[in-house]
file model-v3.cif (mmCIF, C-alpha atoms)
data_model
loop_
_atom_site.label_atom_id
_atom_site.label_comp_id
_atom_site.auth_asym_id
_atom_site.auth_seq_id
_atom_site.Cartn_x
_atom_site.Cartn_y
_atom_site.Cartn_z
CA MET A 1 30.79 46.99 2.61
CA PRO A 2 31.95 49.36 5.39
CA GLU A 3 34.47 51.97 4.20
CA GLN A 4 37.15 50.63 6.55
CA LEU A 5 36.91 47.18 4.91
CA THR A 6 36.97 48.40 1.32
CA THR A 7 39.92 47.05 -0.67
CA SER A 8 39.18 49.15 -3.77
CA PRO A 9 41.03 49.92 -6.01
CA TYR A 10 42.68 46.54 -5.48
CA ASP A 11 41.14 43.40 -6.90
CA ALA A 12 43.85 40.97 -5.69
CA LEU A 13 46.76 40.54 -3.30
CA LEU A 14 50.00 38.93 -4.47
CA LEU A 15 52.23 37.21 -1.93
CA LEU A 16 55.71 37.61 -3.42
CA SER A 17 58.57 35.55 -2.01
CA PHE A 18 62.04 34.20 -2.72
CA GLY A 19 61.22 30.55 -3.41
CA GLY A 20 63.20 27.44 -2.59
CA PRO A 21 63.89 23.87 -3.74
CA GLU A 22 61.43 21.14 -2.82
CA GLY A 23 63.63 18.11 -3.49
CA PRO A 24 67.27 17.12 -4.15
CA ASP A 25 66.91 17.48 -7.92
CA ASP A 26 65.74 21.07 -7.48
CA VAL A 27 68.75 22.35 -5.54
CA VAL A 28 71.24 23.10 -8.32
CA PRO A 29 68.62 24.52 -10.75
CA PHE A 30 67.27 26.70 -7.93
CA LEU A 31 70.74 28.02 -7.10
CA ALA A 32 71.35 28.61 -10.80
CA ASN A 33 68.24 30.81 -10.80
CA VAL A 34 69.43 32.72 -7.72
CA THR A 35 72.90 33.33 -9.18
CA ARG A 36 71.89 33.82 -12.82
CA GLY A 37 74.31 36.07 -14.69
CA ARG A 38 77.25 35.51 -12.34
CA GLY A 39 78.80 32.62 -14.28
CA ILE A 40 79.07 30.28 -11.29
CA PRO A 41 79.92 26.70 -12.40
CA GLU A 42 77.64 23.79 -11.50
CA GLU A 43 80.26 22.15 -9.24
CA ARG A 44 80.39 25.30 -7.13
CA LEU A 45 76.59 25.37 -6.94
CA LYS A 46 76.65 21.79 -5.64
CA GLU A 47 79.06 22.86 -2.92
CA VAL A 48 76.93 25.85 -1.99
CA GLY A 49 73.85 23.61 -1.91
CA GLN A 50 75.19 21.24 0.73
CA HIS A 51 73.14 22.83 3.50
CA TYR A 52 70.00 22.15 1.43
CA PHE A 53 71.02 18.51 0.99
CA LEU A 54 71.29 18.21 4.79
CA PHE A 55 67.52 18.79 4.81
CA GLY A 56 66.72 16.38 1.99
CA GLY A 57 67.08 19.09 -0.66
CA VAL A 58 63.97 20.82 0.67
CA SER A 59 63.82 24.45 1.74
CA PRO A 60 60.98 25.07 4.19
CA ILE A 61 60.13 28.44 2.65
CA ASN A 62 57.59 27.21 0.09
CA GLU A 63 55.57 25.25 2.64
CA GLN A 64 55.72 28.21 5.03
CA ASN A 65 54.34 30.41 2.25
CA ARG A 66 51.54 27.92 1.66
CA VAL A 67 50.65 28.17 5.36
CA LEU A 68 50.74 31.97 5.19
CA LEU A 69 48.64 31.93 2.02
CA ARG A 70 45.96 29.82 3.72
CA ALA A 71 46.06 32.04 6.79
CA LEU A 72 45.64 35.21 4.72
CA ARG A 73 42.71 33.77 2.80
CA ALA A 74 41.04 32.63 6.03
CA ASP A 75 41.62 35.99 7.72
CA PHE A 76 40.24 37.91 4.76
CA ALA A 77 37.14 35.73 4.65
CA GLU A 78 36.57 36.03 8.41
CA ASN A 79 36.80 39.81 8.16
CA GLY A 80 34.59 40.25 5.13
CA LEU A 81 37.30 40.99 2.57
CA GLU A 82 36.33 39.40 -0.74
CA LEU A 83 39.79 39.60 -2.25
CA PRO A 84 41.65 36.71 -3.92
CA VAL A 85 45.21 36.03 -2.77
CA TYR A 86 47.81 34.70 -5.21
CA TRP A 87 51.39 33.56 -4.65
CA GLY A 88 54.50 33.90 -6.82
CA ASN A 89 58.25 33.45 -6.28
CA ARG A 90 61.36 35.04 -7.68
CA ASN A 91 63.47 31.90 -7.97
CA TRP A 92 61.26 28.79 -7.93
CA ALA A 93 57.77 27.58 -8.72
CA PRO A 94 55.25 29.08 -8.58
CA TYR A 95 57.23 31.63 -10.59
CA LEU A 96 56.24 35.29 -10.44
CA THR A 97 55.76 35.62 -14.21
CA ASP A 98 53.46 32.59 -14.30
CA THR A 99 51.41 33.92 -11.39
CA LEU A 100 51.04 37.37 -12.94
CA ARG A 101 50.04 35.72 -16.22
CA GLU A 102 47.34 33.79 -14.32
CA MET A 103 46.19 36.99 -12.62
CA THR A 104 46.03 38.79 -15.96
CA LYS A 105 43.92 36.03 -17.50
CA ASP A 106 41.68 36.11 -14.40
CA GLY A 107 40.99 39.77 -15.16
CA ARG A 108 42.91 41.32 -12.26
CA ARG A 109 43.67 44.97 -13.02
CA ARG A 110 45.13 46.43 -9.81
CA VAL A 111 47.24 44.27 -7.49
CA ALA A 112 48.68 44.95 -4.05
CA VAL A 113 51.95 43.10 -3.45
CA LEU A 114 53.25 41.82 -0.12
CA ALA A 115 56.94 40.86 -0.25
CA THR A 116 58.21 38.48 2.42
CA SER A 117 60.95 40.94 3.34
CA ALA A 118 60.24 43.59 5.97
CA TYR A 119 63.16 46.00 5.53
CA ALA A 120 64.64 48.40 2.98
CA SER A 121 67.55 47.03 0.95
CA TYR A 122 68.40 46.21 -2.63
CA SER A 123 67.87 42.44 -2.21
CA GLY A 124 64.89 42.88 0.12
CA CYS A 125 62.97 45.49 -1.87
CA ARG A 126 64.30 46.88 -5.14
CA GLN A 127 65.25 43.47 -6.52
CA TYR A 128 61.66 42.32 -5.97
CA ARG A 129 60.53 45.46 -7.81
CA GLU A 130 62.94 44.67 -10.66
CA ASN A 131 61.52 41.14 -10.87
CA LEU A 132 58.02 42.60 -11.03
CA ALA A 133 59.06 44.90 -13.88
CA GLU A 134 60.71 42.03 -15.75
CA ALA A 135 57.58 39.88 -15.39
CA LEU A 136 55.31 42.71 -16.53
CA ALA A 137 57.53 43.31 -19.57
CA THR A 138 57.38 39.61 -20.46
CA LEU A 139 53.59 39.61 -20.33
CA THR A 140 53.43 42.79 -22.39
CA ASP A 141 55.68 41.18 -25.01
CA GLU A 142 53.21 38.26 -25.08
CA GLY A 143 50.45 40.68 -26.08
CA LEU A 144 48.79 40.69 -22.66
CA GLN A 145 47.77 43.75 -20.67
CA PRO A 146 49.11 42.99 -17.18
CA PRO A 147 47.73 44.62 -14.04
CA ARG A 148 49.20 47.59 -12.25
CA VAL A 149 51.13 46.44 -9.16
CA ASP A 150 51.65 48.40 -5.93
CA LYS A 151 54.06 47.05 -3.32
CA LEU A 152 52.85 47.44 0.26
CA ARG A 153 55.13 49.47 2.52
CA HIS A 154 57.92 48.07 4.69
CA TYR A 155 56.42 46.56 7.83
CA PHE A 156 59.49 46.07 10.04
CA ASN A 157 58.02 48.29 12.76
CA HIS A 158 54.36 47.32 12.48
CA PRO A 159 53.04 46.06 15.86
CA GLY A 160 51.88 42.84 14.20
CA PHE A 161 55.49 42.09 13.23
CA VAL A 162 57.30 43.35 16.35
CA ARG A 163 55.11 42.14 19.21
CA PRO A 164 55.01 38.43 18.31
CA MET A 165 58.82 38.47 18.08
CA ALA A 166 59.10 40.16 21.47
CA GLU A 167 56.93 37.43 22.98
CA GLY A 168 59.15 34.86 21.30
CA VAL A 169 62.18 36.33 23.08
CA LEU A 170 60.38 36.19 26.42
CA ALA A 171 59.52 32.53 25.80
CA SER A 172 63.13 31.73 24.88
CA LEU A 173 64.44 33.44 28.01
CA ALA A 174 61.98 31.46 30.12
CA ASP A 175 63.27 28.27 28.50
CA LEU A 176 66.86 28.95 29.59
CA PRO A 177 68.15 27.43 32.84
CA GLU A 178 67.21 29.75 35.69
CA ASP A 179 70.81 30.30 36.79
CA VAL A 180 71.80 31.86 33.44
CA ARG A 181 68.53 33.54 32.47
CA ALA A 182 69.00 36.97 34.03
CA GLY A 183 72.40 37.51 32.42
CA ALA A 184 71.47 36.23 28.98
CA HIS A 185 72.65 38.27 26.01
CA LEU A 186 70.24 39.01 23.13
CA ALA A 187 71.79 38.60 19.68
CA PHE A 188 69.47 40.15 17.09
CA THR A 189 70.31 38.59 13.74
CA THR A 190 69.65 39.50 10.13
CA HIS A 191 71.04 38.68 6.71
CA SER A 192 74.39 40.31 6.07
CA VAL A 193 74.69 42.42 2.92
CA PRO A 194 77.67 44.17 1.31
CA LEU A 195 78.56 47.44 3.05
CA ALA A 196 77.99 49.32 -0.20
CA ALA A 197 74.44 47.95 -0.42
CA ALA A 198 73.72 48.75 3.23
CA ASP A 199 75.06 52.30 2.93
CA THR A 200 72.75 53.06 -0.02
CA SER A 201 69.65 51.32 1.36
CA GLY A 202 66.43 53.28 1.66
CA PRO A 203 65.70 56.76 0.26
CA VAL A 204 68.66 58.98 -0.64
CA ASP A 205 68.29 61.02 2.57
CA ASP A 206 68.93 57.83 4.57
CA HIS A 207 72.13 56.92 2.72
CA GLY A 208 75.27 56.84 4.82
CA GLU A 209 76.90 54.34 7.15
CA GLY A 210 74.56 51.36 7.31
CA GLY A 211 71.76 53.26 5.56
CA ALA A 212 68.11 52.51 6.27
CA TYR A 213 68.83 48.76 6.47
CA VAL A 214 70.88 48.98 9.66
CA ALA A 215 68.81 51.81 11.15
CA GLN A 216 65.57 49.87 10.74
CA HIS A 217 66.99 46.71 12.30
CA LEU A 218 68.43 48.66 15.21
CA ASP A 219 65.04 50.26 15.83
CA VAL A 220 63.31 46.86 15.92
CA ALA A 221 66.00 45.39 18.18
CA ARG A 222 65.64 48.33 20.57
CA LEU A 223 61.86 47.93 20.62
CA ILE A 224 62.12 44.26 21.51
CA ALA A 225 64.84 44.79 24.12
CA ASP A 226 62.72 47.52 25.71
CA THR A 227 59.69 45.23 25.78
CA VAL A 228 61.74 42.48 27.44
CA ARG A 229 62.96 44.95 30.07
CA GLU A 230 59.42 46.17 30.75
CA GLU A 231 58.11 42.62 31.09
CA THR A 232 60.94 41.13 33.15
CA GLY A 233 62.49 44.10 34.93
CA ILE A 234 65.88 43.00 33.58
CA GLU A 235 68.08 45.03 31.21
CA HIS A 236 69.55 42.35 28.95
CA PRO A 237 72.62 43.37 26.93
CA TRP A 238 72.01 43.15 23.19
CA GLN A 239 73.64 43.66 19.81
CA LEU A 240 72.67 43.55 16.15
CA VAL A 241 74.69 40.86 14.37
CA TYR A 242 74.66 39.25 10.94
CA GLN A 243 74.52 35.87 9.26
CA SER A 244 74.32 34.08 5.91
CA ARG A 245 77.08 36.02 4.20
CA SER A 246 77.84 34.96 0.63
CA GLY A 247 79.92 36.36 -2.21
CA ALA A 248 83.57 37.15 -2.82
CA PRO A 249 85.67 37.35 0.37
CA HIS A 250 87.40 40.59 -0.68
CA ILE A 251 84.10 42.54 -0.66
CA PRO A 252 83.32 43.94 2.81
CA TRP A 253 79.98 42.87 4.29
CA LEU A 254 78.15 43.82 7.47
CA GLU A 255 79.69 42.23 10.58
CA PRO A 256 80.01 40.65 13.12
CA ASP A 257 78.89 37.22 12.02
CA ILE A 258 76.71 35.41 14.54
CA CYS A 259 79.27 32.64 15.15
CA ASP A 260 82.06 35.16 15.75
CA HIS A 261 79.70 37.05 18.04
CA LEU A 262 78.94 33.93 20.09
CA GLN A 263 82.68 33.46 20.59
CA ALA A 264 83.10 37.12 21.63
CA VAL A 265 80.26 37.21 24.17
CA HIS A 266 81.34 33.87 25.59
CA ASP A 267 84.89 35.20 26.03
CA ALA A 268 83.41 38.29 27.71
CA GLY A 269 81.57 36.14 30.22
CA ALA A 270 78.00 36.02 28.93
CA PRO A 271 76.26 33.04 30.61
CA ALA A 272 73.75 32.44 27.78
CA VAL A 273 72.48 33.86 24.49
CA VAL A 274 69.08 34.16 22.84
CA MET A 275 69.38 34.46 19.06
CA VAL A 276 66.56 36.65 17.71
CA PRO A 277 66.13 36.42 13.89
CA ILE A 278 64.46 39.80 13.40
CA GLY A 279 65.53 39.94 9.76
CA PHE A 280 63.41 36.96 8.72
CA VAL A 281 59.67 36.55 8.33
CA SER A 282 59.69 32.75 8.68
CA ASP A 283 61.93 29.81 9.58
CA HIS A 284 63.42 29.28 6.14
CA MET A 285 66.85 27.88 5.34
CA GLU A 286 68.91 30.78 6.67
CA VAL A 287 67.26 30.23 10.04
CA LEU A 288 67.28 26.42 10.06
CA TYR A 289 70.88 26.06 8.89
CA ASP A 290 72.75 29.22 9.85
CA LEU A 291 71.17 29.54 13.30
CA ASP A 292 69.62 26.22 14.34
CA THR A 293 72.47 24.15 12.90
CA GLU A 294 75.71 26.12 12.48
CA ALA A 295 75.40 28.75 15.24
CA THR A 296 73.87 26.26 17.68
CA ALA A 297 76.80 23.91 17.05
CA LYS A 298 79.21 26.77 17.73
CA ALA A 299 77.46 27.51 21.02
CA ALA A 300 77.64 23.83 22.00
CA GLU A 301 81.37 23.83 21.23
CA LEU A 302 81.73 26.79 23.60
CA GLY A 303 79.51 25.27 26.27
CA LEU A 304 77.28 28.32 25.93
CA PRO A 305 73.54 27.81 26.57
CA VAL A 306 71.67 29.21 23.57
CA ARG A 307 68.08 29.50 22.42
CA ARG A 308 66.62 30.72 19.14
CA SER A 309 63.40 32.71 19.33
CA ALA A 310 60.51 32.38 16.90
CA THR A 311 59.92 34.24 13.65
CA VAL A 312 56.40 35.52 12.96
CA GLY A 313 55.53 33.04 10.18
CA ALA A 314 51.74 32.91 9.93
CA GLU A 315 51.13 34.11 13.49
CA ARG A 316 47.63 35.62 13.70
CA ARG A 317 48.82 39.16 14.53
CA PHE A 318 51.16 39.20 11.56
CA VAL A 319 48.39 37.97 9.28
CA ALA A 320 46.15 40.72 10.69
CA ALA A 321 48.97 43.20 10.04
CA VAL A 322 48.96 42.26 6.35
CA ARG A 323 45.24 42.97 6.23
CA ASP A 324 45.90 46.27 7.99
CA LEU A 325 48.61 47.24 5.48
CA LEU A 326 46.37 46.35 2.57
CA LEU A 327 43.39 48.38 3.85
CA GLU A 328 45.66 51.29 4.74
CA ARG A 329 47.13 51.43 1.24
CA ALA A 330 43.73 50.99 -0.40
CA ALA A 331 42.32 53.89 1.59
CA THR A 332 45.31 56.05 0.69
CA GLU A 333 44.89 55.25 -3.00
CA ARG A 334 41.24 56.33 -2.74
CA GLY A 335 42.35 59.66 -1.24
CA ARG A 336 41.22 58.81 2.30
CA ASP A 337 43.12 59.34 5.54
CA ALA A 338 44.31 56.06 7.04
CA GLU A 339 45.92 55.21 10.35
CA ARG A 340 49.46 54.04 9.66
CA CYS A 341 50.54 51.77 12.52
CA ALA A 342 54.23 51.89 13.42
CA LEU A 343 56.27 51.49 16.59
CA GLY A 344 59.66 52.96 17.42
CA SER A 345 61.37 56.14 16.33
CA LEU A 346 61.32 55.86 12.53
CA GLY A 347 57.61 56.06 11.83
CA PRO A 348 55.73 54.36 8.98
CA SER A 349 57.64 53.77 5.77
CA HIS A 350 56.83 55.30 2.40
CA ASP A 351 54.23 53.77 0.08
CA LEU A 352 56.10 54.56 -3.11
CA CYS A 353 59.83 53.93 -3.30
CA PRO A 354 61.43 57.26 -4.35
CA VAL A 355 63.99 57.72 -7.09
CA GLY A 356 67.41 56.63 -5.83
CA CYS A 357 65.99 54.26 -3.19
CA CYS A 358 68.19 51.13 -2.75
CA PRO A 359 69.90 51.61 -6.14
CA ALA A 360 71.15 48.66 -8.16
CA ARG A 361 74.78 48.28 -9.23
CA THR A 362 73.53 48.14 -12.80
CA PRO A 363 70.37 50.20 -13.35
CA ARG A 364 67.33 48.11 -14.32
CA PRO A 365 63.63 48.99 -14.58
CA ALA A 366 61.72 48.50 -11.33
CA ALA A 367 57.96 48.46 -10.86
CA ALA A 368 55.98 49.96 -7.95
CA GLY A 369 58.23 52.98 -7.44
CA ALA A 370 58.44 56.63 -8.40
CA ASP A 371 60.66 55.66 -11.33
CA SER A 372 58.43 52.79 -12.48
CA PRO A 373 57.72 52.48 -16.22
CA TYR A 374 54.45 50.77 -15.24
CA ALA A 375 52.30 53.50 -13.67
#
call {"tool": "encode", "arguments": {"input": "model-v3.cif", "output": "structure tokens"}}
result
Amino acid sequence: MPEQLTTSPYDALLLLSFGGPEGPDDVVPFLANVTRGRGIPEERLKEVGQHYFLFGGVSPINEQNRVLLRALRADFAENGLELPVYWGNRNWAPYLTDTLREMTKDGRRRVAVLATSAYASYSGCRQYRENLAEALATLTDEGLQPPRVDKLRHYFNHPGFVRPMAEGVLASLADLPEDVRAGAHLAFTTHSVPLAAADTSGPVDDHGEGGAYVAQHLDVARLIADTVREETGIEHPWQLVYQSRSGAPHIPWLEPDICDHLQAVHDAGAPAVVMVPIGFVSDHMEVLYDLDTEATAKAAELGLPVRRSATVGAERRFVAAVRDLLLERAATERGRDAERCALGSLGPSHDLCPVGCCPARTPRPAAAGADSPYA
């Protein structure tokens, strides 16, 4: 096999995601998994789950991961990579621990992990690493010798992630009525997180107002806005906004919320808005409900033309980007120089999360980092 297609030392790739319910009976147990340890009563979980019930109790995320899984396997085969691809979730079947147990019994010894979260944050990176550590500890307690796991770097600024989204914005602009198109505002959206979590996101040197989480999203938004300007000749106004807030109301979270933002830009005279969900890899529930349902209803109430641009999902360039990230990390682990593709001003992210990166409120072991107990 050519050196550039060698996946050694890895003998498997693990697609690691959040998980979601696949029927009405799954909703409350799924939410109980998500909120485990917080003591939230079942009646409150039923209230929180109403947006799932609007869609028949089915989150689209699992099916979208199945599509991505098939696309990765096909891409690997087409490009001569003989590497099995597994899938595990944090909060619903197939559960991460079960998948790692299967991988262990299949003889996998060194696993690269792709998380379906592109940015640095506690919930988008370290919590996945904590779940990996918990699963590895469970398998060790069962008398198994689980594989070593290495999480692939953040890919928020990889061309295979950014360019398909930029094209999605161009398509959404073209779909707007011609008389409002040129003045359309771009609202780049991502999941809100508590200010304290944002401020401590990324390596310690990046801690401060908004931390790496906000800085990375701003860099992607700027890249896309610049691409739109280059392609259309029009400088569209834009802003990074937030959605899907949860938690106690007295705790400050990143703002403005997308619905409040739609009201503000409408009041300021914006003729139309394109919502750009840069914080999400696929069209899961936060996109379908918070943007396509709730925010779109708010825009209709205002009489504001709005479009929502596409996430990358299993788009071929994103799938190729995963292959690129895998081969890059494999080469690095073998001591080879590897091209590290990244757009924008921040450069490629680190391979190994350093000590103090996206710290938890309560310290817990985390795999695939400089402080990992599973080297």
call {"tool": "residues_around", "arguments": {"input": "model-v3.cif", "residues": "Ser309 of chain A", "least_positions_apart": "5", "cutoff": "10 Å", "atoms": "all atoms listed in the file", "output": "count of residues only"}}
result
15
call {"tool": "resolve_selection", "arguments": {"input": "model-v3.cif", "expression": "the PyMOL selection byres ((chain A and resi 33) around 12)", "output": "list of chain:residue names"}}
result
A:Phe18, A:Gly19, A:Gly20, A:Pro21, A:Asp26, A:Val27, A:Val28, A:Pro29, A:Phe30, A:Leu31, A:Ala32, A:Val34, A:Thr35, A:Arg36, A:Gly37, A:Arg38, A:Gly39, A:Ile40, A:Glu42, A:Leu45, A:Asn89, A:Arg90, A:Asn91, A:Trp92, A:Ala93, A:Tyr95
call {"tool": "write_last_selection", "arguments": {"input": "model-v3.cif", "atoms": "C-alpha atoms", "output": "compact mmCIF listing (two decimals), in the frame of the given file"}}
result
# COMPACT_ATOMS: atom_id res chain seq x y z
CA PHE A 18 62.04 34.20 -2.72
CA GLY A 19 61.22 30.55 -3.41
CA GLY A 20 63.20 27.44 -2.59
CA PRO A 21 63.89 23.87 -3.74
CA ASP A 26 65.74 21.07 -7.48
CA VAL A 27 68.75 22.35 -5.54
CA VAL A 28 71.24 23.10 -8.32
CA PRO A 29 68.62 24.52 -10.75
CA PHE A 30 67.27 26.70 -7.93
CA LEU A 31 70.74 28.02 -7.10
CA ALA A 32 71.35 28.61 -10.80
CA VAL A 34 69.43 32.72 -7.72
CA THR A 35 72.90 33.33 -9.18
CA ARG A 36 71.89 33.82 -12.82
CA GLY A 37 74.31 36.07 -14.69
CA ARG A 38 77.25 35.51 -12.34
CA GLY A 39 78.80 32.62 -14.28
CA ILE A 40 79.07 30.28 -11.29
CA GLU A 42 77.64 23.79 -11.50
CA LEU A 45 76.59 25.37 -6.94
CA ASN A 89 58.25 33.45 -6.28
CA ARG A 90 61.36 35.04 -7.68
CA ASN A 91 63.47 31.90 -7.97
CA TRP A 92 61.26 28.79 -7.93
CA ALA A 93 57.77 27.58 -8.72
CA TYR A 95 57.23 31.63 -10.59
call {"tool": "closest_residue", "arguments": {"input": "model-v3.cif", "among": "A:Val265, A:Leu223, A:Ile234, A:Val287", "to": "Asn157 of chain A", "atoms": "only C-alpha atoms"}}
result
A:Leu223
call {"tool": "resolve_selection", "arguments": {"input": "model-v3.cif", "expression": "the PyMOL selection byres ((chain A and resi 103-112) around 6)", "output": "PyMOL selection string"}}
result
chain A and resi 10-13+100-102+113+146-151
call {"tool": "closest_residue", "arguments": {"input": "model-v3.cif", "among": "A:Ser192, A:Ser8, A:Ser123, A:Gln216", "to": "Leu343 of chain A", "atoms": "all atoms listed in the file"}}
result
A:Gln216
call {"tool": "resolve_selection", "arguments": {"input": "model-v3.cif", "expression": "the PyMOL selection byres ((chain A and resi 115) around 7)", "output": "VMD selection string"}}
result
chain A and resid 15 to 17 113 to 114 116 to 117
call {"tool": "write_last_selection", "arguments": {"input": "model-v3.cif", "atoms": "C-alpha atoms", "output": "PDB file, keeping the file's coordinate frame"}}
result
ATOM      1  CA  LEU A  15      52.230  37.210  -1.930  1.00  0.00           C
ATOM      2  CA  LEU A  16      55.710  37.610  -3.420  1.00  0.00           C
ATOM      3  CA  SER A  17      58.570  35.550  -2.010  1.00  0.00           C
ATOM      4  CA  VAL A 113      51.950  43.100  -3.450  1.00  0.00           C
ATOM      5  CA  LEU A 114      53.250  41.820  -0.120  1.00  0.00           C
ATOM      6  CA  THR A 116      58.210  38.480   2.420  1.00  0.00           C
ATOM      7  CA  SER A 117      60.950  40.940   3.340  1.00  0.00           C
TER       8      SER A 117
END
call {"tool": "closest_residue", "arguments": {"input": "model-v3.cif", "among": "A:Ala366, A:Ala198, A:Ala133, A:Leu14", "to": "Tyr86 of chain A", "atoms": "all atoms listed in the file"}}
result
A:Leu14
call {"tool": "closest_residue", "arguments": {"input": "model-v3.cif", "among": "A:Val162, A:Ile224, A:Leu326, A:Val204", "to": "Phe280 of chain A", "atoms": "only C-alpha atoms"}}
result
A:Val162
call {"tool": "residues_near_point", "arguments": {"input": "model-v3.cif", "point": "(77.0, 42.3, 21.0)", "cutoff": "10 Å", "atoms": "all atoms listed in the file", "output": "PyMOL selection string"}}
result
chain A and resi 185-188+237-241+256+258+261-262+264-265
call {"tool": "residues_around", "arguments": {"input": "model-v3.cif", "residues": "Arg329 of chain A", "least_positions_apart": "5", "cutoff": "8 Å", "atoms": "all atoms listed in the file", "output": "PyMOL selection string"}}
result
chain A and resi 152+338+351
call {"tool": "residues_around", "arguments": {"input": "model-v3.cif", "residues": "Ser345 of chain A", "least_positions_apart": "5", "cutoff": "12 Å", "atoms": "all atoms listed in the file", "output": "JSON, numbers by chain"}}
result
{"A": [157, 158, 215, 216, 217, 218, 219, 220, 221, 222, 223]}
call {"tool": "write_last_selection", "arguments": {"input": "model-v3.cif", "atoms": "C-alpha atoms", "output": "PDB file, in the coordinates of the input"}}
result
ATOM      1  CA  ASN A 157      58.020  48.290  12.760  1.00  0.00           C
ATOM      2  CA  HIS A 158      54.360  47.320  12.480  1.00  0.00           C
ATOM      3  CA  ALA A 215      68.810  51.810  11.150  1.00  0.00           C
ATOM      4  CA  GLN A 216      65.570  49.870  10.740  1.00  0.00           C
ATOM      5  CA  HIS A 217      66.990  46.710  12.300  1.00  0.00           C
ATOM      6  CA  LEU A 218      68.430  48.660  15.210  1.00  0.00           C
ATOM      7  CA  ASP A 219      65.040  50.260  15.830  1.00  0.00           C
ATOM      8  CA  VAL A 220      63.310  46.860  15.920  1.00  0.00           C
ATOM      9  CA  ALA A 221      66.000  45.390  18.180  1.00  0.00           C
ATOM     10  CA  ARG A 222      65.640  48.330  20.570  1.00  0.00           C
ATOM     11  CA  LEU A 223      61.860  47.930  20.620  1.00  0.00           C
TER      12      LEU A 223
END
call {"tool": "atom_distance", "arguments": {"input": "model-v3.cif", "atom1": "atom CA of Ala370 of chain A", "atom2": "atom CA of Glu328 of chain A"}}
result
19.1 Å
call {"tool": "closest_residue", "arguments": {"input": "model-v3.cif", "among": "A:Gln263, A:Thr190, A:Thr311, A:Ser282", "to": "Arg245 of chain A", "atoms": "all atoms listed in the file"}}
result
A:Thr190
call {"tool": "axis_aligned_box", "arguments": {"input": "model-v3.cif", "around": "segment 257-267 of chain A", "padding_each_side": "3 Å", "output": "JSON"}}
result
{"center_x": 80.8, "center_y": 34.9, "center_z": 19.0, "size_x": 14.2, "size_y": 10.6, "size_z": 20.0}
call {"tool": "atom_distance", "arguments": {"input": "model-v3.cif", "atom1": "atom CA of Ala297 of chain A", "atom2": "atom CA of Cys259 of chain A"}}
result
9.3 Å
call {"tool": "atom_distance", "arguments": {"input": "model-v3.cif", "atom1": "atom CA of Asp25 of chain A", "atom2": "atom CA of Val48 of chain A"}}
result
14.3 Å
